[in-house]
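Participant: I'm passing along run12.txt; it holds compact mmCIF, C-alpha atoms.
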# COMPACT_ATOMS: atom_id res chain seq x y z
CA MET A 7 103.72 74.44 86.79
CA HIS A 8 103.55 73.48 90.43
CA ARG A 9 101.88 76.27 92.29
CA THR A 10 100.64 76.76 95.84
CA GLY A 11 98.05 79.52 95.95
CA GLU A 12 99.81 82.53 94.50
CA LEU A 13 103.30 81.08 95.06
CA PHE A 14 104.96 79.60 92.00
CA GLY A 15 107.02 76.44 92.42
CA GLN A 16 110.44 77.95 91.81
CA PHE A 17 110.15 80.28 94.81
CA GLU A 18 110.42 79.53 98.52
CA THR A 19 108.41 82.46 99.85
CA MET A 20 106.08 85.20 98.60
CA ASP A 21 108.71 87.82 99.47
CA GLN A 22 111.28 86.05 97.35
CA GLN A 23 108.81 85.89 94.47
CA ARG A 24 108.02 89.58 94.80
CA GLU A 25 111.68 90.60 95.01
CA SER A 26 112.60 88.52 91.96
CA ALA A 27 109.80 90.11 89.94
CA SER A 28 110.81 93.66 90.83
CA LEU A 29 114.50 92.87 90.24
CA GLY A 30 113.59 91.61 86.74
CA MET A 31 111.59 94.78 86.11
CA TRP A 32 114.53 96.96 87.16
CA VAL A 33 116.84 95.05 84.80
CA PHE A 34 114.36 95.78 82.00
CA LEU A 35 114.22 99.45 83.05
CA SER A 36 118.03 99.71 82.89
CA THR A 37 117.86 98.61 79.24
CA GLU A 38 115.26 101.36 78.81
CA VAL A 39 117.66 103.88 80.37
CA LEU A 40 120.19 103.02 77.65
CA PHE A 41 117.48 103.01 74.96
CA PHE A 42 116.56 106.61 75.79
CA GLY A 43 120.23 107.25 76.62
CA GLY A 44 121.24 107.08 72.95
CA MET A 45 118.89 109.96 72.21
CA PHE A 46 120.08 111.98 75.17
CA MET A 47 123.62 111.39 73.87
CA THR A 48 122.70 112.72 70.40
CA TYR A 49 120.94 115.65 72.03
CA THR A 50 123.94 116.52 74.24
CA LEU A 51 126.34 116.45 71.30
CA ASN A 52 124.17 118.58 69.00
CA ARG A 53 123.20 121.08 71.65
CA SER A 54 126.83 121.61 72.63
CA THR A 55 127.69 122.11 68.94
CA TYR A 56 124.82 124.51 68.07
CA PRO A 57 123.86 126.13 71.41
CA ASP A 58 122.37 129.34 69.96
CA VAL A 59 120.06 127.77 67.37
CA PHE A 60 118.92 125.19 69.94
CA GLY A 61 118.02 128.06 72.28
CA GLU A 62 116.06 129.86 69.57
CA ALA A 63 114.23 126.71 68.51
CA SER A 64 113.45 125.80 72.11
CA ARG A 65 111.84 129.21 72.72
CA SER A 66 109.36 128.48 69.92
CA ILE A 67 107.87 125.55 71.86
CA ASN A 68 104.79 126.28 73.98
CA LEU A 69 106.17 126.50 77.54
CA PRO A 70 102.83 126.77 79.44
CA LEU A 71 101.59 123.56 77.77
CA GLY A 72 104.86 121.78 78.61
CA ALA A 73 104.75 122.93 82.23
CA VAL A 74 101.11 121.88 82.65
CA ASN A 75 101.96 118.50 81.13
CA THR A 76 104.81 118.07 83.61
CA ILE A 77 102.37 118.69 86.47
CA VAL A 78 99.80 116.29 84.94
CA LEU A 79 102.37 113.54 84.54
CA ILE A 80 103.75 113.90 88.07
CA ALA A 81 100.17 113.82 89.37
CA SER A 82 99.64 110.57 87.45
CA SER A 83 102.73 109.17 89.15
CA LEU A 84 101.18 110.08 92.49
CA THR A 85 97.92 108.27 91.66
CA MET A 86 99.97 105.28 90.42
CA ALA A 87 101.91 105.20 93.70
CA MET A 88 98.57 105.39 95.53
CA SER A 89 97.34 102.39 93.48
CA VAL A 90 100.32 100.37 94.69
CA TRP A 91 99.51 101.39 98.24
CA ALA A 92 95.80 100.51 97.82
CA SER A 93 96.70 97.05 96.50
CA GLN A 94 99.14 96.47 99.37
CA VAL A 95 96.54 97.26 102.02
CA GLY A 96 93.79 95.39 100.17
CA LYS A 97 91.49 98.33 99.38
CA LYS A 98 90.15 96.91 96.13
CA GLN A 99 87.75 99.73 95.24
CA LEU A 100 90.34 102.42 95.91
CA LEU A 101 92.79 100.49 93.75
CA THR A 102 90.41 100.61 90.78
CA ILE A 103 89.72 104.31 91.36
CA PHE A 104 93.40 105.24 91.49
CA LEU A 105 94.16 103.17 88.39
CA ILE A 106 91.37 104.91 86.48
CA LEU A 107 92.65 108.32 87.66
CA THR A 108 96.13 107.39 86.44
CA LEU A 109 94.72 106.41 83.06
CA ILE A 110 92.77 109.67 82.81
CA LEU A 111 95.82 111.80 83.70
CA GLY A 112 97.94 109.84 81.22
CA SER A 113 95.35 110.50 78.50
CA VAL A 114 95.24 114.21 79.36
CA PHE A 115 99.02 114.27 78.95
CA LEU A 116 98.77 112.67 75.50
CA GLY A 117 95.97 115.07 74.52
CA ILE A 118 98.03 118.13 75.46
CA LYS A 119 100.99 116.61 73.60
CA GLY A 120 98.73 116.34 70.55
CA ILE A 121 97.85 120.05 70.78
CA GLU A 122 101.57 120.87 70.92
CA TYR A 123 102.34 118.70 67.91
CA HIS A 124 99.50 120.39 66.02
CA GLU A 125 101.02 123.81 66.75
CA LYS A 126 104.35 122.64 65.38
CA PHE A 127 102.69 121.35 62.21
CA VAL A 128 100.94 124.68 61.68
CA GLU A 129 104.22 126.58 62.20
CA HIS A 130 106.09 124.41 59.66
CA HIS A 131 108.39 123.21 62.43
CA VAL A 132 108.16 119.53 61.54
CA PRO A 133 111.45 118.36 59.98
CA GLY A 134 111.11 117.22 56.38
CA LEU A 135 107.52 118.46 55.96
CA ASN A 136 107.87 121.86 54.33
CA PHE A 137 110.18 122.90 57.17
CA SER A 138 110.85 126.58 57.61
CA PHE A 139 112.09 127.83 60.96
CA GLU A 140 111.79 131.59 60.66
CA PRO A 141 111.31 133.87 57.68
CA GLY A 142 114.76 134.96 56.55
CA ALA A 143 116.68 132.42 58.59
CA SER A 144 119.97 131.37 57.00
CA VAL A 145 120.40 127.93 55.42
CA ALA A 146 122.64 126.87 58.32
CA THR A 147 120.17 128.11 60.98
CA ASN A 148 117.36 126.27 59.24
CA ALA A 149 119.40 123.06 59.10
CA HIS A 150 120.40 123.24 62.77
CA ALA A 151 116.88 124.15 63.88
CA GLN A 152 115.71 121.11 61.95
CA LEU A 153 118.15 119.04 64.01
CA PHE A 154 116.59 120.39 67.20
CA PHE A 155 113.05 119.62 66.04
CA SER A 156 114.08 116.15 64.85
CA LEU A 157 115.31 115.47 68.38
CA TYR A 158 112.20 117.11 69.86
CA PHE A 159 109.87 114.84 67.89
CA ALA A 160 111.99 111.70 68.29
CA MET A 161 112.40 112.10 72.05
CA THR A 162 108.88 113.25 72.93
CA GLY A 163 107.51 110.76 70.36
CA LEU A 164 109.33 107.81 71.90
CA HIS A 165 108.19 109.04 75.30
CA ALA A 166 104.58 109.32 74.07
CA LEU A 167 104.82 105.80 72.62
CA HIS A 168 105.81 104.58 76.09
CA MET A 169 102.81 106.44 77.51
CA ILE A 170 100.49 104.73 75.02
CA VAL A 171 101.90 101.31 75.97
CA GLY A 172 101.49 102.30 79.62
CA ALA A 173 97.86 103.31 79.00
CA GLY A 174 97.22 99.88 77.43
CA LEU A 175 98.77 98.17 80.46
CA LEU A 176 96.61 100.32 82.76
CA ILE A 177 93.44 99.29 80.93
CA TRP A 178 94.41 95.66 81.48
CA LEU A 179 95.16 96.37 85.16
CA ILE A 180 91.77 98.07 85.61
CA LYS A 181 89.99 95.05 84.11
CA GLN A 182 91.89 92.68 86.40
CA SER A 183 91.29 94.85 89.43
CA LEU A 184 87.54 95.01 88.67
CA LYS A 185 87.61 91.19 88.86
CA GLY A 186 89.22 91.55 92.29
CA ARG A 187 92.37 89.84 91.10
CA PHE A 188 94.78 91.78 93.33
CA THR A 189 95.20 91.12 97.04
CA PRO A 190 97.84 92.17 99.60
CA GLU A 191 99.46 88.75 98.95
CA TYR A 192 99.50 89.07 95.18
CA SER A 193 99.83 92.47 93.51
CA THR A 194 102.90 91.93 91.31
CA PRO A 195 101.38 93.34 88.07
CA VAL A 196 100.37 96.54 89.89
CA ASP A 197 103.89 96.91 91.35
CA LEU A 198 105.67 96.26 88.04
CA ILE A 199 103.47 98.45 85.84
CA GLY A 200 103.84 101.09 88.58
CA LEU A 201 107.63 100.93 88.18
CA TYR A 202 107.24 101.29 84.40
CA TRP A 203 104.91 104.27 84.77
CA HIS A 204 107.28 106.07 87.16
CA PHE A 205 110.18 105.39 84.79
CA VAL A 206 108.30 107.11 81.97
CA ASP A 207 107.68 110.01 84.37
CA ILE A 208 111.44 110.27 85.06
CA VAL A 209 112.21 110.43 81.33
CA TRP A 210 109.83 113.40 81.08
CA ILE A 211 111.41 115.06 84.14
CA PHE A 212 114.62 115.27 82.06
CA LEU A 213 112.97 116.00 78.69
CA PHE A 214 111.09 119.02 80.05
CA PRO A 215 114.07 121.22 81.02
CA LEU A 216 116.22 119.97 78.13
CA LEU A 217 113.68 120.68 75.37
CA TYR A 218 111.47 123.49 76.74
CA LEU A 219 113.74 125.50 78.99
CA ILE A 220 116.83 126.42 76.96
CA ASP A 221 117.72 130.12 77.33
CA ARG A 222 114.26 131.33 78.34
CA HIS A 223 115.71 134.49 79.88
CA MET B 17 111.13 91.70 104.43
CA SER B 18 112.23 95.06 103.10
CA GLU B 19 110.60 94.59 99.68
CA HIS B 20 107.10 94.47 101.09
CA HIS B 21 107.54 97.72 102.95
CA ILE B 22 104.29 99.69 102.72
CA VAL B 23 104.94 103.38 102.09
CA SER B 24 102.22 105.53 103.62
CA PRO B 25 100.11 107.86 101.42
CA LYS B 26 101.38 110.79 103.52
CA ILE B 27 104.89 110.23 102.18
CA TYR B 28 103.61 109.94 98.59
CA ILE B 29 101.71 113.22 98.92
CA ALA B 30 104.72 114.98 100.51
CA ILE B 31 106.92 113.78 97.64
CA PHE B 32 104.31 114.97 95.13
CA PHE B 33 104.39 118.48 96.60
CA ALA B 34 108.20 118.47 96.66
CA LEU B 35 108.14 117.54 92.94
CA MET B 36 105.67 120.37 92.23
CA VAL B 37 107.88 122.92 94.01
CA CYS B 38 110.90 121.68 92.03
CA THR B 39 108.96 121.98 88.75
CA LEU B 40 108.06 125.61 89.50
CA LEU B 41 111.63 126.26 90.59
CA THR B 42 113.10 124.86 87.37
CA VAL B 43 110.73 126.99 85.23
CA TYR B 44 111.62 130.08 87.27
CA ALA B 45 115.37 129.35 87.14
CA ALA B 46 115.19 129.12 83.34
CA THR B 47 113.79 132.67 83.12
CA VAL B 48 116.75 134.11 85.04
CA ASP B 49 120.03 134.70 83.22
CA LEU B 50 122.36 132.66 85.43
CA ASN B 51 124.93 132.36 82.64
CA GLN B 52 126.11 135.91 83.40
CA TYR B 53 127.61 134.63 86.67
CA PHE B 54 129.13 131.48 85.27
CA SER B 55 128.94 130.19 81.72
CA GLY B 56 126.55 127.24 81.52
CA LEU B 57 125.09 127.76 85.00
CA ASN B 58 121.51 127.67 83.63
CA ILE B 59 121.83 124.15 82.25
CA ILE B 60 123.69 122.97 85.38
CA VAL B 61 120.89 124.25 87.64
CA ALA B 62 118.24 122.69 85.36
CA LEU B 63 119.99 119.30 85.44
CA VAL B 64 120.62 119.39 89.19
CA ILE B 65 116.90 120.03 89.81
CA ALA B 66 115.89 117.29 87.32
CA THR B 67 118.28 114.80 88.92
CA PHE B 68 116.94 115.65 92.36
CA LYS B 69 113.35 115.13 91.15
CA ALA B 70 114.27 111.83 89.49
CA SER B 71 115.95 110.69 92.72
CA LEU B 72 112.79 111.42 94.71
CA VAL B 73 110.73 109.38 92.24
CA VAL B 74 113.19 106.44 92.34
CA LEU B 75 113.61 106.45 96.12
CA PHE B 76 109.98 106.87 97.16
CA PHE B 77 107.49 106.31 94.32
CA MET B 78 109.55 103.36 93.03
CA HIS B 79 110.49 102.16 96.54
CA GLY B 80 114.22 102.29 95.73
CA LYS B 81 114.92 103.30 99.33
CA TYR B 82 113.18 100.18 100.65
CA SER B 83 114.48 97.72 98.04
CA PRO B 84 117.00 94.95 98.68
CA LYS B 85 120.66 95.83 98.02
CA ARG B 86 120.84 93.78 94.81
CA THR B 87 117.95 95.77 93.32
CA GLN B 88 119.66 99.01 94.36
CA LEU B 89 122.82 97.78 92.62
CA VAL B 90 120.89 97.38 89.34
CA ILE B 91 119.49 100.91 89.73
CA ILE B 92 122.94 102.38 90.30
CA CYS B 93 124.43 100.37 87.40
CA SER B 94 121.88 101.69 84.91
CA VAL B 95 122.83 105.28 85.76
CA PHE B 96 126.54 104.39 85.73
CA TRP B 97 126.36 102.84 82.24
CA LEU B 98 124.56 105.92 80.95
CA ALA B 99 127.32 108.07 82.49
CA ILE B 100 129.99 105.97 80.74
CA MET B 101 128.30 106.49 77.38
CA LEU B 102 127.87 110.25 77.84
CA PHE B 103 131.32 110.81 79.31
CA MET B 104 133.35 108.71 76.85
CA THR B 105 131.53 109.98 73.76
CA MET B 106 131.71 113.62 74.76
CA SER B 107 135.37 113.41 75.78
CA ASP B 108 136.04 112.10 72.26
CA TYR B 109 134.08 114.85 70.50
CA VAL B 110 135.32 117.83 72.52
CA THR B 111 138.97 116.85 72.00
CA ARG B 112 138.86 116.37 68.23
CA LEU B 113 139.61 119.94 67.12
CA TRP B 114 142.98 120.14 68.83
CA SER B 115 145.05 121.17 65.81
Using structure tokens, write down the structure from this file.
Facilitator:
Amino acid sequence: MHRTGELFGQFETMDQQRESASLGMWVFLSTEVLFFGGMFMTYTLNRSTYPDVFGEASRSINLPLGAVNTIVLIASSLTMAMSVWASQVGKKQLLTIFLILTLILGSVFLGIKGIEYHEKFVEHHVPGLNFSFEPGASVATNAHAQLFFSLYFAMTGLHALHMIVGAGLLIWLIKQSLKGRFTPEYSTPVDLIGLYWHFVDIVWIFLFPLLYLIDRH
Amino acid sequence: MSEHHIVSPKIYIAIFFALMVCTLLTVYAATVDLNQYFSGLNIIVALVIATFKASLVVLFFMHGKYSPKRTQLVIICSVFWLAIMLFMTMSDYVTRLWS
């Protein structure tokens, strides 16, 4: 394809190229909103149908771990935003450092998530696998609690899958940035993966109160 | 052009602290029985805080505030479509047991 420097032939200016790329990314992210939206829909319906059991099941999740994870993930969004800034002002070393910090914080998040999942396995709170909510719970309570935990694992699992994809993208970004590939003129991959990373953060911002904070009083 | 607006690290750090405060606030609010004042107030407060946090992330971390209008339109549409799905489905389900 015809290309002048970093400017591809179909664009007139660098700004136009940048705006088109981020517009495309936002269109992709709106499909992601609807992808997660289906699960939020299922959640809303089931929680409004079985509010008490959902509250009970939610209280069995480890709140301190969830809260720490929220802080870790928001911190990783900050370092990602700082990466975008570093690439815009051409600070190549800082860019690499912030990308590595983002990757580390993302991995810490996944590690803590793993500890939480382990707890749920030990407590027999994994749907289908020898599930038993509480000793002496009625058949109906058990069934509805299983619904809650199915949603818990599906929603946090899909979120974690997005984090793993994001971590892979970050590793690629770090390699490119070590080669000095990003300049103030061309930093599209950093901008777009940044948008993706923040989107995954937003999903968690909603998952946290909906899954961990039902009837904690 | 607007797209290449460089947001200063000071703003990013201020937003980060605002998000931290909101996280602590939402955990605290969940430990208080707000439902005694108004049924469902706990979930409303939790969702208002989460929506506020998400808006901060979109506007500043994701540069939504500095994006061209057509990008902002896509952002608004994605939320609108989600609202259609939630609203239409729930208005079906909550009106089924009318007999």
Participant: Could you work out which residues of chain A fall inside 6 Å of chain B? Count only C-alpha atoms, and format the result as an mmCIF file with C-alpha atoms, in the frame of the given file.
Facilitator:
data_model
loop_
_atom_site.group_PDB
_atom_site.id
_atom_site.type_symbol
_atom_site.label_atom_id
_atom_site.label_comp_id
_atom_site.auth_asym_id
_atom_site.auth_seq_id
_atom_site.Cartn_x
_atom_site.Cartn_y
_atom_site.Cartn_z
ATOM 1 C CA LEU A 29 114.500 92.870 90.240
ATOM 2 C CA SER A 36 118.030 99.710 82.890
ATOM 3 C CA MET A 47 123.620 111.390 73.870
ATOM 4 C CA ALA A 87 101.910 105.200 93.700
ATOM 5 C CA LEU A 201 107.630 100.930 88.180
ATOM 6 C CA ILE A 208 111.440 110.270 85.060
ATOM 7 C CA ILE A 211 111.410 115.060 84.140
ATOM 8 C CA PHE A 212 114.620 115.270 82.060
ATOM 9 C CA LEU A 219 113.740 125.500 78.990
ATOM 10 C CA ARG A 222 114.260 131.330 78.340
ATOM 11 C CA HIS A 223 115.710 134.490 79.880
#
Participant: Of the candidates A:Thr50, A:Ser193, A:Phe139, A:Ala27, which shows the shortest atom-to-atom distance to Lys98 in chain A, using all atoms listed in the file?
Facilitator: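 Result for the nearest residue to Lys98 in chain A: A:Ser193.
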Participant: Just the number, please: distance in Å from CA of Ser64 in chain A to CA of Tyr218 in chain A, one decimal.
Facilitator: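 Computing the Euclidean distance for CA of Ser64 in chain A and CA of Tyr218 in chain A yields 5.5 Å.
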Participant: Around all the atoms of range 28-41 of chain B listed in the file, with 5 Å of room on each side, what axis-aligned box do you get, giving centre and edge lengths in Å to one decimal, as AutoDock Vina command-line options?
Facilitator:
--center_x 106.7 --center_y 118.1 --center_z 94.6 --size_x 19.9 --size_y 26.3 --size_z 21.8
Participant: Mind giving me the straight-line distance from CA of Leu153 in chain A to CA of Ala173 in chain A in Å, one decimal?
Facilitator: 29.7 Å
Participant: As a PDB file, in the coordinates of the input, could you write out range 26-60 of chain B once it has been completed with N, CA and C atoms?
Facilitator:
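Generated file (selection35.pdb):
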ATOM      1  N   LYS B  26     100.860 109.477 103.097  1.00  0.00           N
ATOM      2  CA  LYS B  26     101.380 110.790 103.520  1.00  0.00           C
ATOM      3  C   LYS B  26     102.717 111.072 102.855  1.00  0.00           C
ATOM      4  N   ILE B  27     103.575 110.044 102.802  1.00  0.00           N
ATOM      5  CA  ILE B  27     104.890 110.230 102.180  1.00  0.00           C
ATOM      6  C   ILE B  27     104.730 110.502 100.687  1.00  0.00           C
ATOM      7  N   TYR B  28     103.831 109.729 100.034  1.00  0.00           N
ATOM      8  CA  TYR B  28     103.610 109.940  98.590  1.00  0.00           C
ATOM      9  C   TYR B  28     103.153 111.374  98.318  1.00  0.00           C
ATOM     10  N   ILE B  29     102.247 111.866  99.153  1.00  0.00           N
ATOM     11  CA  ILE B  29     101.710 113.220  98.920  1.00  0.00           C
ATOM     12  C   ILE B  29     102.796 114.267  99.182  1.00  0.00           C
ATOM     13  N   ALA B  30     103.614 114.043 100.232  1.00  0.00           N
ATOM     14  CA  ALA B  30     104.720 114.980 100.510  1.00  0.00           C
ATOM     15  C   ALA B  30     105.692 115.004  99.329  1.00  0.00           C
ATOM     16  N   ILE B  31     105.999 113.843  98.780  1.00  0.00           N
ATOM     17  CA  ILE B  31     106.920 113.780  97.640  1.00  0.00           C
ATOM     18  C   ILE B  31     106.307 114.499  96.438  1.00  0.00           C
ATOM     19  N   PHE B  32     104.993 114.296  96.240  1.00  0.00           N
ATOM     20  CA  PHE B  32     104.310 114.970  95.130  1.00  0.00           C
ATOM     21  C   PHE B  32     104.472 116.485  95.243  1.00  0.00           C
ATOM     22  N   PHE B  33     104.269 117.028  96.448  1.00  0.00           N
ATOM     23  CA  PHE B  33     104.390 118.480  96.600  1.00  0.00           C
ATOM     24  C   PHE B  33     105.838 118.939  96.407  1.00  0.00           C
ATOM     25  N   ALA B  34     106.791 118.131  96.880  1.00  0.00           N
ATOM     26  CA  ALA B  34     108.200 118.470  96.660  1.00  0.00           C
ATOM     27  C   ALA B  34     108.493 118.525  95.158  1.00  0.00           C
ATOM     28  N   LEU B  35     107.918 117.572  94.396  1.00  0.00           N
ATOM     29  CA  LEU B  35     108.140 117.540  92.940  1.00  0.00           C
ATOM     30  C   LEU B  35     107.512 118.765  92.273  1.00  0.00           C
ATOM     31  N   MET B  36     106.334 119.188  92.780  1.00  0.00           N
ATOM     32  CA  MET B  36     105.670 120.370  92.230  1.00  0.00           C
ATOM     33  C   MET B  36     106.531 121.613  92.452  1.00  0.00           C
ATOM     34  N   VAL B  37     107.044 121.757  93.681  1.00  0.00           N
ATOM     35  CA  VAL B  37     107.880 122.920  94.010  1.00  0.00           C
ATOM     36  C   VAL B  37     109.101 122.934  93.089  1.00  0.00           C
ATOM     37  N   CYS B  38     109.713 121.760  92.894  1.00  0.00           N
ATOM     38  CA  CYS B  38     110.900 121.680  92.030  1.00  0.00           C
ATOM     39  C   CYS B  38     110.566 122.045  90.586  1.00  0.00           C
ATOM     40  N   THR B  39     109.359 121.659  90.128  1.00  0.00           N
ATOM     41  CA  THR B  39     108.960 121.980  88.750  1.00  0.00           C
ATOM     42  C   THR B  39     108.840 123.495  88.586  1.00  0.00           C
ATOM     43  N   LEU B  40     108.185 124.156  89.565  1.00  0.00           N
ATOM     44  CA  LEU B  40     108.060 125.610  89.500  1.00  0.00           C
ATOM     45  C   LEU B  40     109.435 126.266  89.556  1.00  0.00           C
ATOM     46  N   LEU B  41     110.287 125.720  90.419  1.00  0.00           N
ATOM     47  CA  LEU B  41     111.630 126.260  90.590  1.00  0.00           C
ATOM     48  C   LEU B  41     112.424 126.170  89.286  1.00  0.00           C
ATOM     49  N   THR B  42     112.307 125.046  88.586  1.00  0.00           N
ATOM     50  CA  THR B  42     113.100 124.860  87.370  1.00  0.00           C
ATOM     51  C   THR B  42     112.593 125.801  86.274  1.00  0.00           C
ATOM     52  N   VAL B  43     111.264 126.038  86.217  1.00  0.00           N
ATOM     53  CA  VAL B  43     110.730 126.990  85.230  1.00  0.00           C
ATOM     54  C   VAL B  43     111.223 128.400  85.565  1.00  0.00           C
ATOM     55  N   TYR B  44     111.164 128.750  86.869  1.00  0.00           N
ATOM     56  CA  TYR B  44     111.620 130.080  87.270  1.00  0.00           C
ATOM     57  C   TYR B  44     113.107 130.263  86.971  1.00  0.00           C
ATOM     58  N   ALA B  45     113.905 129.241  87.321  1.00  0.00           N
ATOM     59  CA  ALA B  45     115.370 129.350  87.140  1.00  0.00           C
ATOM     60  C   ALA B  45     115.722 129.552  85.666  1.00  0.00           C
ATOM     61  N   ALA B  46     114.896 128.994  84.767  1.00  0.00           N
ATOM     62  CA  ALA B  46     115.190 129.120  83.340  1.00  0.00           C
ATOM     63  C   ALA B  46     114.947 130.540  82.840  1.00  0.00           C
ATOM     64  N   THR B  47     114.095 131.305  83.569  1.00  0.00           N
ATOM     65  CA  THR B  47     113.790 132.670  83.120  1.00  0.00           C
ATOM     66  C   THR B  47     114.817 133.674  83.636  1.00  0.00           C
ATOM     67  N   VAL B  48     115.718 133.225  84.500  1.00  0.00           N
ATOM     68  CA  VAL B  48     116.750 134.110  85.040  1.00  0.00           C
ATOM     69  C   VAL B  48     118.056 133.836  84.305  1.00  0.00           C
ATOM     70  N   ASP B  49     118.760 134.903  83.932  1.00  0.00           N
ATOM     71  CA  ASP B  49     120.030 134.700  83.220  1.00  0.00           C
ATOM     72  C   ASP B  49     121.139 134.377  84.220  1.00  0.00           C
ATOM     73  N   LEU B  50     121.306 133.082  84.495  1.00  0.00           N
ATOM     74  CA  LEU B  50     122.360 132.660  85.430  1.00  0.00           C
ATOM     75  C   LEU B  50     123.707 132.578  84.734  1.00  0.00           C
ATOM     76  N   ASN B  51     123.676 132.501  83.384  1.00  0.00           N
ATOM     77  CA  ASN B  51     124.930 132.360  82.640  1.00  0.00           C
ATOM     78  C   ASN B  51     125.846 133.569  82.801  1.00  0.00           C
ATOM     79  N   GLN B  52     125.274 134.719  83.218  1.00  0.00           N
ATOM     80  CA  GLN B  52     126.110 135.910  83.400  1.00  0.00           C
ATOM     81  C   GLN B  52     127.081 135.728  84.571  1.00  0.00           C
ATOM     82  N   TYR B  53     126.712 134.864  85.530  1.00  0.00           N
ATOM     83  CA  TYR B  53     127.610 134.630  86.670  1.00  0.00           C
ATOM     84  C   TYR B  53     128.676 133.605  86.327  1.00  0.00           C
ATOM     85  N   PHE B  54     128.247 132.615  85.540  1.00  0.00           N
ATOM     86  CA  PHE B  54     129.130 131.480  85.270  1.00  0.00           C
ATOM     87  C   PHE B  54     128.590 130.811  84.025  1.00  0.00           C
ATOM     88  N   SER B  55     129.418 130.719  82.988  1.00  0.00           N
ATOM     89  CA  SER B  55     128.940 130.190  81.720  1.00  0.00           C
ATOM     90  C   SER B  55     128.399 128.772  81.865  1.00  0.00           C
ATOM     91  N   GLY B  56     127.145 128.568  81.434  1.00  0.00           N
ATOM     92  CA  GLY B  56     126.550 127.240  81.520  1.00  0.00           C
ATOM     93  C   GLY B  56     125.833 126.959  82.821  1.00  0.00           C
ATOM     94  N   LEU B  57     125.724 127.987  83.691  1.00  0.00           N
ATOM     95  CA  LEU B  57     125.090 127.760  85.000  1.00  0.00           C
ATOM     96  C   LEU B  57     123.613 127.394  84.851  1.00  0.00           C
ATOM     97  N   ASN B  58     122.938 127.970  83.826  1.00  0.00           N
ATOM     98  CA  ASN B  58     121.510 127.670  83.630  1.00  0.00           C
ATOM     99  C   ASN B  58     121.254 126.187  83.417  1.00  0.00           C
ATOM    100  N   ILE B  59     122.044 125.572  82.531  1.00  0.00           N
ATOM    101  CA  ILE B  59     121.830 124.150  82.250  1.00  0.00           C
ATOM    102  C   ILE B  59     122.234 123.298  83.463  1.00  0.00           C
ATOM    103  N   ILE B  60     123.270 123.740  84.191  1.00  0.00           N
ATOM    104  CA  ILE B  60     123.690 122.970  85.380  1.00  0.00           C
ATOM    105  C   ILE B  60     122.563 122.970  86.412  1.00  0.00           C
TER     106      ILE B  60
END
